Amino acid sequence: MDGTTLVGAALLGLLEGLTEFIPVSSTAHLLLAGHFLGFNSPGNSFEVLIQLGAILAILSVYFARLWKLAMDLPTSAEARRFVGAILLAFLPAAVIGVMAHGFIKTVLFESTGLICWVLIGGGIVLLIIDRMPLKPKYTNVMDYPPSLAFKIGLVQCLAMIPGTSRSGATIAGALLLGADKRSAAEFSFFLAMPTMAGAFAYDLYKNYDKLGTEDVTAIIIGFVMAFIAGVIVVRSLLDFVSKHGFAPFAWWRIAVGTLGLIGLWLF
């Protein structure tokens, strides 16, 4: 493996960690950056498998809370309701993800122009939602009813279109369904755990026989960088969102999508 590939893997891993939990679409950033860097992976597996670093970032930051939740399950109805709500929200993506896996990886992941337009469109939608005079009914993720969780899970399925953003879809859906900004972002964190773990496991199952030593090395490098960057983002995002809302991320999406279209036109 040459130095350029190693640097590319490190940069893309850093990009994954920085963008996975904010509503800007980490997959779109990775695919566009990989396109312009000339970085390729068998079956586009690199972009999915390095998400393990981001998963572990959440687990490390939320370990104490997750441990308490696990200990409370036998005795706390609230804890059981919350875990059930997360699993219920995960269900639609699990079913559709398996059914549409081939189409997503071979068609949507290759449509760089579409990715740019979806980034821009999603940014506009996020700007509109951020400025709407919404009156939240839910401010604590532990109080989300199962029906709300399932609806958020349905909205999350839109993120299978690269550029939509898993966190962006779940946060926007939660806001429109009555959640406040902070709890919407936090629910997105919790929902990311089974969703990303499921995507990682299924993609590894489908593509492990295509991965060579160099591919595995690149994935490990990307994983480490994604973990480091992911920890930083998870620790700071909730406070940032509480103070600034989602408008900064919306403008970033629009800028990246526009620059991507210009880059595709020029090159």
# chains A, B, ... in the order shown; residues from 1 in each chain; ligands from 1

call {"tool": "closest_atom_pairs", "arguments": {"of": "segment 127-210 of chain A", "to": "segment 84-93 of chain A", "cutoff": "6 Å", "atoms": "only C-alpha atoms", "output": "Markdown table"}}
result
| residue | atom | partner | partner_atom | distance |
| --- | --- | --- | --- | --- |
| A:Pro146 | CA | A:Ala85 | CA | 4.9 |
| A:Ala149 | CA | A:Ala89 | CA | 5.1 |
| A:Phe150 | CA | A:Ala89 | CA | 4.4 |
| A:Gly153 | CA | A:Ala89 | CA | 3.9 |
| A:Leu154 | CA | A:Pro92 | CA | 5.8 |
| A:Cys157 | CA | A:Ala93 | CA | 5.3 |
| A:Leu191 | CA | A:Ile86 | CA | 5.9 |

call {"tool": "closest_atom_pairs", "arguments": {"of": "segment 211-262 of chain A", "to": "segment 19-27 of chain A", "cutoff": "9 Å", "atoms": "only C-alpha atoms", "output": "JSON lines"}}
result
{"residue": "A:Ala226", "atom": "CA", "partner": "A:Glu20", "partner_atom": "CA", "distance": 8.9}
{"residue": "A:Ala229", "atom": "CA", "partner": "A:Thr19", "partner_atom": "CA", "distance": 8.9}
{"residue": "A:Gly230", "atom": "CA", "partner": "A:Glu20", "partner_atom": "CA", "distance": 7.4}
{"residue": "A:Val233", "atom": "CA", "partner": "A:Phe21", "partner_atom": "CA", "distance": 7.2}
{"residue": "A:Val234", "atom": "CA", "partner": "A:Phe21", "partner_atom": "CA", "distance": 7.1}
{"residue": "A:Leu237", "atom": "CA", "partner": "A:Ile22", "partner_atom": "CA", "distance": 7.7}
{"residue": "A:Phe246", "atom": "CA", "partner": "A:Pro23", "partner_atom": "CA", "distance": 8.0}
{"residue": "A:Phe249", "atom": "CA", "partner": "A:Val24", "partner_atom": "CA", "distance": 6.2}
{"residue": "A:Ala250", "atom": "CA", "partner": "A:Val24", "partner_atom": "CA", "distance": 7.3}
{"residue": "A:Trp252", "atom": "CA", "partner": "A:Val24", "partner_atom": "CA", "distance": 7.4}
{"residue": "A:Arg253", "atom": "CA", "partner": "A:Val24", "partner_atom": "CA", "distance": 5.6}

call {"tool": "residues_around", "arguments": {"residues": "Thr139 of chain A", "least_positions_apart": "3", "cutoff": "10 Å", "atoms": "only C-alpha atoms", "output": "number ranges by chain"}}
result
A: 136, 142-144, 178-184

call {"tool": "write_last_selection", "arguments": {"atoms": "N, CA, C and O atoms", "output": "tab-separated table (two decimals), in the first residue's frame"}}
result
chain	number	residue	atom	x	y	z
A	136	PRO	N	-42.16	22.25	21.07
A	136	PRO	CA	-41.85	20.86	21.44
A	136	PRO	C	-42.73	20.31	22.55
A	136	PRO	O	-43.04	21.01	23.52
A	142	MET	N	-36.05	9.73	27.18
A	142	MET	CA	-36.63	8.63	27.95
A	142	MET	C	-38.15	8.66	27.92
A	142	MET	O	-38.81	7.66	28.24
A	143	ASP	N	-38.73	9.81	27.55
A	143	ASP	CA	-40.18	9.95	27.52
A	143	ASP	C	-40.78	9.79	26.13
A	143	ASP	O	-41.99	9.93	25.96
A	144	TYR	N	-39.95	9.51	25.12
A	144	TYR	CA	-40.49	9.33	23.76
A	144	TYR	C	-41.40	8.10	23.72
A	144	TYR	O	-40.97	6.99	24.06
A	178	GLY	N	-42.51	16.82	17.21
A	178	GLY	CA	-42.76	17.37	18.54
A	178	GLY	C	-41.61	17.32	19.52
A	178	GLY	O	-41.80	17.65	20.69
A	179	ALA	N	-40.40	16.93	19.08
A	179	ALA	CA	-39.25	16.89	19.99
A	179	ALA	C	-38.52	18.23	19.98
A	179	ALA	O	-38.60	18.99	19.02
A	180	ASP	N	-37.80	18.52	21.06
A	180	ASP	CA	-36.97	19.71	21.05
A	180	ASP	C	-35.60	19.36	20.43
A	180	ASP	O	-35.29	18.19	20.19
A	181	LYS	N	-34.78	20.38	20.16
A	181	LYS	CA	-33.55	20.17	19.41
A	181	LYS	C	-32.55	19.28	20.14
A	181	LYS	O	-31.94	18.40	19.53
A	182	ARG	N	-32.39	19.49	21.42
A	182	ARG	CA	-31.40	18.72	22.17
A	182	ARG	C	-31.78	17.24	22.25
A	182	ARG	O	-30.96	16.35	22.00
A	183	SER	N	-33.03	16.95	22.62
A	183	SER	CA	-33.43	15.55	22.75
A	183	SER	C	-33.49	14.87	21.38
A	183	SER	O	-33.23	13.66	21.27
A	184	ALA	N	-33.82	15.63	20.32
A	184	ALA	CA	-33.83	15.06	18.97
A	184	ALA	C	-32.43	14.59	18.58
A	184	ALA	O	-32.24	13.50	18.02

call {"tool": "closest_residue", "arguments": {"among": "A:Arg131, A:Asp72, A:Thr164, A:Ser45", "to": "Thr106 of chain A", "atoms": "only C-alpha atoms"}}
result
A:Ser45

call {"tool": "closest_atom_pairs", "arguments": {"of": "segment 27-111 of chain A", "to": "segment 219-222 of chain A", "cutoff": "7 Å", "atoms": "only C-alpha atoms", "output": "Markdown table"}}
result
| residue | atom | partner | partner_atom | distance |
| --- | --- | --- | --- | --- |
| A:Phe46 | CA | A:Ile219 | CA | 5.9 |
| A:Leu49 | CA | A:Ile219 | CA | 6.9 |
| A:Ile50 | CA | A:Gly222 | CA | 5.7 |

call {"tool": "closest_residue", "arguments": {"among": "A:Asn40, A:Thr217, A:Ser147, A:Asn140", "to": "Glu110 of chain A", "atoms": "only C-alpha atoms"}}
result
A:Asn40

call {"tool": "select_by_dssp", "arguments": {"residues": "segment 23-246 of chain A", "states": "helix (DSSP H, G or I)", "output": "ChimeraX atom specification"}}
result
/A:26-37,42-49,51-61,63-72,77-99,101-106,108-110,112-131,141-143,146-160,166-176,181-210,213-244

call {"tool": "closest_residue", "arguments": {"among": "A:Cys116, A:Thr170, A:Val83, A:Gly97", "to": "Pro145 of chain A", "atoms": "only C-alpha atoms"}}
result
A:Val83

call {"tool": "closest_residue", "arguments": {"among": "A:Asp239, A:Gly122, A:Phe109, A:Gly245", "to": "Leu175 of chain A", "atoms": "only C-alpha atoms"}}
result
A:Gly245

call {"tool": "closest_residue", "arguments": {"among": "A:Ala247, A:Ala77, A:Ala199, A:Val231", "to": "Val61 of chain A", "atoms": "only C-alpha atoms"}}
result
A:Val231
